[in-house]
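Data from start-v1.txt: compact mmCIF, C-alpha atoms and all ligand atoms
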# COMPACT_ATOMS: atom_id res chain seq x y z
CA MET P 1 4.08 3.03 -5.85
CA GLY P 2 0.72 2.07 -4.39
CA HIS P 3 -1.67 4.34 -2.52
CA ILE P 4 -0.82 5.00 1.11
CA GLN P 5 -2.18 2.47 3.64
CA ILE P 6 -2.07 2.61 7.42
CA THR P 7 -1.98 -0.59 9.44
CA PRO P 8 -2.02 0.01 13.21
CA SER P 9 -0.28 -2.60 15.36
CA ILE P 10 -2.26 -3.85 18.35
CA LEU P 11 0.95 -4.74 20.23
CA ASN P 12 0.52 -1.70 22.45
CA ALA P 13 -3.25 -2.00 22.73
CA ASP P 14 -5.02 -3.37 25.82
CA PHE P 15 -4.78 -7.16 25.38
CA ALA P 16 -7.66 -7.67 27.84
CA ARG P 17 -10.06 -5.98 25.39
CA LEU P 18 -8.62 -6.56 21.95
CA GLY P 19 -12.01 -6.64 20.18
CA GLU P 20 -12.87 -3.17 21.51
CA GLU P 21 -9.37 -1.87 20.76
CA VAL P 22 -9.66 -2.92 17.11
CA ALA P 23 -13.11 -1.30 16.90
CA ARG P 24 -11.41 2.04 17.78
CA ILE P 25 -9.63 2.19 14.41
CA PRO P 26 -12.35 1.78 11.74
CA SER P 27 -10.42 3.94 9.23
CA ALA P 28 -7.41 1.64 9.24
CA ASP P 29 -6.69 -0.26 6.02
CA TRP P 30 -5.47 -3.31 7.94
CA VAL P 31 -4.95 -4.35 11.55
CA HIS P 32 -1.35 -5.46 12.13
CA VAL P 33 -1.06 -8.47 14.45
CA ASP P 34 2.44 -9.17 15.80
CA VAL P 35 2.82 -12.89 16.44
CA MET P 36 5.89 -13.57 18.63
CA ASP P 37 7.08 -16.97 19.84
CA ASN P 38 9.80 -16.10 22.39
CA HIS P 39 12.37 -17.82 20.15
CA PHE P 40 12.71 -15.78 16.96
CA VAL P 41 12.28 -12.70 19.19
CA PRO P 42 12.56 -12.40 22.98
CA ASN P 43 8.85 -11.74 23.49
CA LEU P 44 5.64 -13.77 23.43
CA THR P 45 2.23 -12.60 22.22
CA PHE P 46 -0.50 -14.81 20.77
CA GLY P 47 -1.07 -17.64 18.33
CA PRO P 48 -3.57 -18.73 15.66
CA THR P 49 -6.53 -19.32 18.01
CA MET P 50 -6.48 -15.75 19.23
CA VAL P 51 -5.86 -14.39 15.75
CA GLU P 52 -8.83 -16.38 14.45
CA ALA P 53 -11.08 -14.85 17.14
CA LEU P 54 -9.85 -11.39 16.25
CA ALA P 55 -10.41 -11.97 12.54
CA ARG P 56 -14.02 -12.94 13.28
CA SER P 57 -14.68 -9.81 15.33
CA SER P 58 -12.87 -7.26 13.13
CA SER P 59 -14.40 -5.38 10.20
CA VAL P 60 -10.87 -4.44 9.10
CA PRO P 61 -8.75 -7.23 7.51
CA LEU P 62 -5.81 -8.64 9.46
CA ASP P 63 -2.16 -8.25 8.46
CA ALA P 64 -0.21 -10.92 10.36
CA HIS P 65 3.47 -10.27 11.08
CA LEU P 66 4.97 -13.61 12.10
CA MET P 67 8.06 -13.28 14.28
CA ILE P 68 8.32 -17.03 14.74
CA GLU P 69 10.91 -19.72 14.06
CA ASP P 70 10.02 -22.38 11.54
CA ALA P 71 7.82 -20.09 9.49
CA ASP P 72 7.66 -22.75 6.74
CA ARG P 73 5.69 -25.05 9.03
CA ASN P 74 3.43 -22.54 10.80
CA ALA P 75 2.58 -19.66 8.45
CA LEU P 76 -0.40 -21.32 6.79
CA GLU P 77 -2.22 -21.55 10.13
CA TYR P 78 -2.61 -17.77 9.95
CA VAL P 79 -4.15 -17.90 6.49
CA GLU P 80 -6.61 -20.47 7.87
CA ALA P 81 -7.23 -18.17 10.86
CA GLY P 82 -8.58 -15.59 8.40
CA CYS P 83 -5.68 -13.17 7.84
CA GLY P 84 -5.76 -11.36 4.50
CA SER P 85 -2.00 -10.85 4.50
CA VAL P 86 0.67 -13.07 6.06
CA THR P 87 4.26 -11.88 6.52
CA PHE P 88 7.07 -14.30 7.37
CA HIS P 89 10.64 -13.31 8.22
CA VAL P 90 13.16 -14.40 5.60
CA GLU P 91 15.62 -15.08 8.42
CA ALA P 92 13.17 -17.73 9.72
CA ALA P 93 12.17 -19.33 6.42
CA LYS P 94 14.10 -22.26 4.95
CA ALA P 95 12.30 -22.09 1.59
CA PRO P 96 10.94 -18.55 1.15
CA VAL P 97 9.80 -18.98 -2.48
CA ARG P 98 7.87 -22.15 -1.69
CA LEU P 99 6.35 -20.52 1.38
CA ALA P 100 5.24 -17.39 -0.53
CA ARG P 101 3.61 -19.63 -3.15
CA GLU P 102 1.83 -21.66 -0.48
CA ILE P 103 0.47 -18.54 1.23
CA ARG P 104 -0.86 -17.22 -2.09
CA ALA P 105 -2.32 -20.58 -3.03
CA ALA P 106 -4.11 -20.70 0.33
CA GLY P 107 -5.76 -17.37 -0.50
CA ALA P 108 -3.81 -14.64 1.34
CA ARG P 109 -1.35 -11.97 0.27
CA ALA P 110 2.22 -13.22 0.72
CA SER P 111 4.74 -10.94 2.35
CA MET P 112 8.37 -11.24 3.45
CA ALA P 113 10.02 -9.25 6.25
CA LEU P 114 13.65 -8.22 6.64
CA LYS P 115 15.32 -7.33 9.94
CA PRO P 116 17.39 -4.10 9.93
CA ALA P 117 20.68 -5.87 9.09
CA THR P 118 19.23 -8.14 6.36
CA PRO P 119 19.83 -6.81 2.82
CA ILE P 120 17.14 -6.77 0.11
CA GLU P 121 19.46 -7.45 -2.85
CA PRO P 122 19.69 -11.28 -2.48
CA TYR P 123 15.88 -11.43 -2.88
CA GLU P 124 15.60 -9.26 -5.99
CA ASP P 125 14.64 -12.19 -8.20
CA MET P 126 11.77 -13.27 -5.95
CA LEU P 127 9.98 -9.90 -5.77
CA SER P 128 7.36 -11.11 -8.26
CA GLU P 129 6.50 -13.93 -5.81
CA LEU P 130 5.60 -11.39 -3.12
CA ASP P 131 2.62 -9.11 -2.60
CA MET P 132 4.51 -7.08 -0.01
CA VAL P 133 8.00 -6.63 1.44
CA LEU P 134 8.24 -5.49 5.07
CA ILE P 135 11.33 -3.53 6.02
CA MET P 136 11.75 -3.44 9.80
CA THR P 137 12.85 -0.05 11.09
CA VAL P 138 13.53 -1.38 14.62
CA GLU P 139 14.86 -4.73 15.79
CA PRO P 140 11.73 -6.89 16.00
CA GLY P 141 10.37 -7.88 19.39
CA PHE P 142 8.85 -4.86 21.07
CA GLY P 143 6.67 -1.85 20.40
CA GLY P 144 7.63 1.68 21.36
CA GLN P 145 11.23 1.57 20.10
CA ARG P 146 13.07 4.40 18.37
CA PHE P 147 12.96 4.51 14.54
CA LEU P 148 16.28 3.48 12.95
CA ASP P 149 17.23 6.01 10.27
CA LEU P 150 19.90 3.62 9.01
CA CYS P 151 17.09 1.62 7.34
CA LEU P 152 16.08 4.46 5.00
CA PRO P 153 18.63 3.66 2.26
CA LYS P 154 17.31 0.07 2.17
CA ILE P 155 13.76 1.37 1.66
CA ARG P 156 15.05 3.43 -1.30
CA ARG P 157 16.92 0.45 -2.73
CA ALA P 158 13.88 -1.81 -2.35
CA ARG P 159 11.67 0.73 -4.15
CA ALA P 160 14.26 1.03 -6.96
CA LEU P 161 14.33 -2.76 -7.39
CA MET P 162 10.52 -2.91 -7.49
CA ASP P 163 10.47 -0.19 -10.16
CA LYS P 164 13.19 -1.98 -12.14
CA HIS P 165 11.18 -5.22 -12.19
CA GLY P 166 7.83 -3.48 -12.75
CA VAL P 167 6.18 -5.37 -9.89
CA GLU P 168 3.14 -4.19 -7.90
CA THR P 169 4.64 -5.38 -4.61
CA TRP P 170 3.73 -3.14 -1.66
CA LEU P 171 6.55 -1.80 0.53
CA GLN P 172 5.73 -1.79 4.24
CA VAL P 173 7.71 -0.23 7.09
CA ASP P 174 7.32 -1.25 10.72
CA GLY P 175 8.88 0.14 13.89
CA GLY P 176 8.94 3.63 15.37
CA VAL P 177 6.62 5.03 12.69
CA SER P 178 4.97 8.26 13.90
CA LEU P 179 3.90 11.65 12.59
CA GLU P 180 7.55 12.63 12.98
CA THR P 181 9.12 9.73 11.01
CA ILE P 182 6.44 8.75 8.47
CA GLU P 183 7.40 11.46 5.95
CA ARG P 184 10.97 10.13 5.65
CA CYS P 185 9.64 6.63 4.97
CA ALA P 186 7.11 7.81 2.37
CA GLU P 187 9.74 9.93 0.60
CA ALA P 188 12.02 6.88 0.49
CA GLY P 189 9.27 4.87 -1.26
CA ALA P 190 7.28 3.03 1.40
CA ASP P 191 3.52 2.86 0.86
CA VAL P 192 2.21 0.73 3.76
CA PHE P 193 2.87 1.94 7.31
CA VAL P 194 2.61 0.03 10.57
CA ALA P 195 2.19 2.28 13.62
CA GLY P 196 1.68 0.83 17.08
CA SER P 197 2.43 3.18 19.95
CA ALA P 198 1.78 6.29 17.82
CA VAL P 199 -1.82 5.13 17.25
CA TYR P 200 -2.67 3.53 20.59
CA SER P 201 -1.09 6.26 22.73
CA ALA P 202 -3.12 8.92 20.90
CA ALA P 203 -6.24 10.31 22.59
CA ASP P 204 -8.21 9.44 19.44
CA PRO P 205 -6.52 6.50 17.64
CA ASP P 206 -8.72 6.78 14.54
CA LYS P 207 -7.87 10.46 14.12
CA MET P 208 -4.20 9.51 14.34
CA VAL P 209 -4.71 6.97 11.54
CA THR P 210 -6.13 9.75 9.35
CA ALA P 211 -3.32 12.16 10.30
CA LEU P 212 -0.66 9.56 9.47
CA ARG P 213 -2.32 8.84 6.12
CA GLU P 214 -2.52 12.54 5.22
CA THR P 215 1.09 13.20 6.21
CA ALA P 216 2.39 10.22 4.21
CA THR P 217 0.22 11.03 1.18
CA ALA P 218 1.56 14.61 1.11
CA ALA P 219 5.15 13.35 1.38
CA GLN P 220 4.61 10.76 -1.39
CA GLN P 221 3.28 13.43 -3.76
CA ARG P 222 6.24 15.79 -3.21
O1 LIG P 301 6.72 -5.80 14.71
C1 LIG P 301 6.79 -4.93 15.56
C2 LIG P 301 7.79 -5.01 16.66
O2 LIG P 301 8.53 -6.16 16.52
C3 LIG P 301 5.90 -3.77 15.39
O3 LIG P 301 4.75 -4.04 14.66
C4 LIG P 301 5.67 -2.87 16.55
O4 LIG P 301 4.72 -3.39 17.40
C5 LIG P 301 5.23 -1.51 16.12
O5 LIG P 301 5.12 -0.72 17.26
P1 LIG P 301 5.69 0.77 17.27
O6 LIG P 301 7.18 0.69 17.00
O7 LIG P 301 4.97 1.52 16.19
O8 LIG P 301 5.37 1.25 18.64
CO CO P 302 5.06 -5.79 13.33

What's the structure tokens form of this structure?
Amino acid sequence: MGHIQITPSILNADFARLGEEVARIPSADWVHVDVMDNHFVPNLTFGPTMVEALARSSSVPLDAHLMIEDADRNALEYVEAGCGSVTFHVEAAKAPVRLAREIRAAGARASMALKPATPIEPYEDMLSELDMVLIMTVEPGFGGQRFLDLCLPKIRRARALMDKHGVETWLQVDGGVSLETIERCAEAGADVFVAGSAVYSAADPDKMVTALRETATAAQQR
């Protein structure tokens, strides 16, 4: 398992001042940018032009979470926009192995996301093609939803498969992660944590990043 990383989502930040909002979380390991196209999910956020502007203004690297149809055709735009990690949904990719290879070849970390009802087992043999697997712990589309405990067994199974294959693939969780739920995820084997509303509704977002990291690190070492 890798060291604990915290990647705040800006979905619940003030979109009118995104540059300033990102500057409020200097301790974050990554900034999670939720790209939504109103087709793969029933919500619309921003595209590569905005992500490119954010990448230029941020001292923290960007972790793009693409909730878009036709990921095969559009994912590379986010590598070109300057994201250090690009996550596509397997439900939206026609050729996930080819896409992961293309993302890596273009110079970013390649990551694949699974919705709550999508199993990890069919993708066991492609773990070595991935730098990260993202297990959604809410249905994608909106911030501020309740954490789905039913996803915890899948986190455990994903960690067991990664151990079995001896890969260094990171295991990210996204959705409803807070000081209350992060321990369960870390104990199950996750090492990269997206937190949106928990961070941006805190009085001091950067302090919340530190608190989340400390809580997860303690749970991981138990
Ligand atoms: O990808 C998504 C939602 O689809 C997430 O990244 C959320 O934006 C995280 O927000 P919280 O659930 O932590 O409020
Ligand atoms: Co996300």

Q: Between P:Cys151, P:Met50, P:Ala195, P:Cys83, single out the one closest to ligand CO 302 (chain P), counting all atoms listed in the file.
A: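 Of P:Cys151, P:Met50, P:Ala195, P:Cys83, the one nearest ligand CO 302 (chain P), counting all atoms listed in the file, is P:Ala195.
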
Hey, could you pull the box centre and edge lengths for stretch 108-123 of chain P, axis-aligned, 5 Å padding per side, all listed atoms, to one decimal in Å, as JSON?
{"center_x": 8.4, "center_y": -9.4, "center_z": 3.5, "size_x": 34.5, "size_y": 20.5, "size_z": 22.8}

Q) At what distance in Å, to one decimal, does atom CA of P:Leu62 lie from atom CA of P:Gly141? A)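 These atoms are spaced 19.0 Å apart.
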
Q: Do a neighbour search on P:Pro61 at 8 Å with all atoms listed in the file, toss out local chain neighbours closer than 2 positions, and write the hits as JSON, numbers by chain.
A: {"P": [29, 30, 31, 55, 58, 59, 63, 83, 84]}

Q | Of the listed residues P:Ile25, P:Ala211, P:Ala106, P:Ala100, that which approaches P:Glu129 most closely, counting all atoms listed in the file | A | P:Ala100

Kindly assemble as CSV a list of the chain P residues that lie within 12 Å of ligand CO 302 (chain P), each paired with its nearest atom pair and their distance in Å to one decimal, using only C-alpha atoms and all ligand atoms, sorted first by chain and then by ascending residue number.
residue,atom,partner,partner_atom,distance
P:Thr7,CA,P:CO302,CO,9.6
P:Pro8,CA,P:CO302,CO,9.2
P:Ser9,CA,P:CO302,CO,6.5
P:Ile10,CA,P:CO302,CO,9.1
P:Leu11,CA,P:CO302,CO,8.1
P:Asn12,CA,P:CO302,CO,11.0
P:Val31,CA,P:CO302,CO,10.3
P:His32,CA,P:CO302,CO,6.5
P:Val33,CA,P:CO302,CO,6.8
P:Asp34,CA,P:CO302,CO,4.9
P:Val35,CA,P:CO302,CO,8.1
P:Met36,CA,P:CO302,CO,9.5
P:Val41,CA,P:CO302,CO,11.6
P:Thr45,CA,P:CO302,CO,11.6
P:Leu62,CA,P:CO302,CO,11.9
P:Asp63,CA,P:CO302,CO,9.0
P:Ala64,CA,P:CO302,CO,7.9
P:His65,CA,P:CO302,CO,5.3
P:Leu66,CA,P:CO302,CO,7.9
P:Met67,CA,P:CO302,CO,8.1
P:Ile68,CA,P:CO302,CO,11.8
P:Val86,CA,P:CO302,CO,11.2
P:Thr87,CA,P:CO302,CO,9.2
P:Phe88,CA,P:CO302,CO,10.6
P:His89,CA,P:CO302,CO,10.7
P:Met112,CA,P:CO302,CO,11.8
P:Ala113,CA,P:CO302,CO,9.3
P:Leu114,CA,P:CO302,CO,11.2
P:Lys115,CA,P:CO302,CO,10.9
P:Leu134,CA,P:CO302,CO,8.9
P:Ile135,CA,P:CO302,CO,9.9
P:Met136,CA,P:CO302,CO,7.9
P:Thr137,CA,P:CO302,CO,9.9
P:Val138,CA,P:CO302,CO,9.6
P:Glu139,CA,P:CO302,CO,10.2
P:Pro140,CA,P:CO302,CO,7.3
P:Gly141,CA,P:CO302,CO,8.3
P:Phe142,CA,P:CO302,CO,8.7
P:Gly143,CA,P:CO302,CO,8.3
P:Gly144,CA,P:CO302,CO,11.3
P:Gln145,CA,P:CO302,CO,11.8
P:Gln172,CA,P:CO302,CO,10.0
P:Val173,CA,P:CO302,CO,8.8
P:Asp174,CA,P:CO302,CO,5.7
P:Gly175,CA,P:CO302,CO,7.1
P:Gly176,CA,P:CO302,CO,10.4
P:Val177,CA,P:CO302,CO,11.0
P:Val192,CA,P:CO302,CO,11.9
P:Phe193,CA,P:CO302,CO,10.0
P:Val194,CA,P:CO302,CO,6.9
P:Ala195,CA,P:CO302,CO,8.6
P:Gly196,CA,P:CO302,CO,8.3
P:Ser197,CA,P:CO302,CO,11.5

(Q) Just checking: using only C-alpha atoms and all ligand atoms, which residue out of P:Thr169, P:Ser85, P:Ser178, P:Ser27 ends up closest to ligand LIG 301 (chain P)? (A) P:Ser178

Q: Find the distance between atom CA of P:Val133 and atom CA of P:Ser111 and write it in Å to one decimal.
A: 5.5 Å

Q: Find the residue from P:Ser201, P:Thr210, P:Ser57, P:Thr215 that sits nearest to P:Thr181; use all atoms listed in the file when measuring.
A: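 Closest to P:Thr181, using all atoms listed in the file: P:Thr215.
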
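The space between atom O7 of ligand LIG 301 (chain P) and atom CA of P:Tyr200 spans 9.0 Å.
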
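With all atoms listed in the file as the basis for measurement, P:Leu54 is the residue among P:Lys154, P:Val167, P:Met132, P:Leu54 that approaches P:Arg17 most closely.
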
Q: Go through P:Asp163, P:Glu187, P:Glu180, P:Glu20 and flag the residue nearest ligand LIG 301 (chain P), using all atoms listed in the file for the distances.
A: P:Glu180

Q: Dump as a ChimeraX atom specification all residues having an atom at most 10 Å from (23.2, -2.4, 2.6), computed in the file's coordinates with only C-alpha atoms.
A: /P:116-121,150-151,153-154,157

(Q) Residues within 8 Å of P:Ile155, please, as a ChimeraX atom specification. Count all atoms listed in the file; anything in the same chain fewer than 5 positions from it doesn't count. (A) /P:135,171,185,188-190

Q. Could you pull the residues within 8 Å of P:Ala81, counting only C-alpha atoms, minus those fewer than 2 positions along the same chain, as a VMD selection string?
A. chain P and resid 48 to 49 51 to 52 55 77 to 79 83

Identify, on the basis of all atoms listed in the file, every residue whose closest approach to P:Glu214 does not exceed 12 Å; exclude the query and any residue fewer than 5 positions from it along the same chain; express the result as a compact mmCIF listing (two decimals) with C-alpha atoms, keeping the file's coordinate frame.
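result-v4.txt, written as the output of this step:
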# COMPACT_ATOMS: atom_id res chain seq x y z
CA HIS P 3 -1.67 4.34 -2.52
CA ILE P 4 -0.82 5.00 1.11
CA GLN P 5 -2.18 2.47 3.64
CA ILE P 6 -2.07 2.61 7.42
CA LEU P 179 3.90 11.65 12.59
CA ILE P 182 6.44 8.75 8.47
CA GLU P 183 7.40 11.46 5.95
CA ALA P 186 7.11 7.81 2.37
CA LYS P 207 -7.87 10.46 14.12
CA MET P 208 -4.20 9.51 14.34
CA VAL P 209 -4.71 6.97 11.54
CA ALA P 219 5.15 13.35 1.38
CA GLN P 220 4.61 10.76 -1.39
CA GLN P 221 3.28 13.43 -3.76
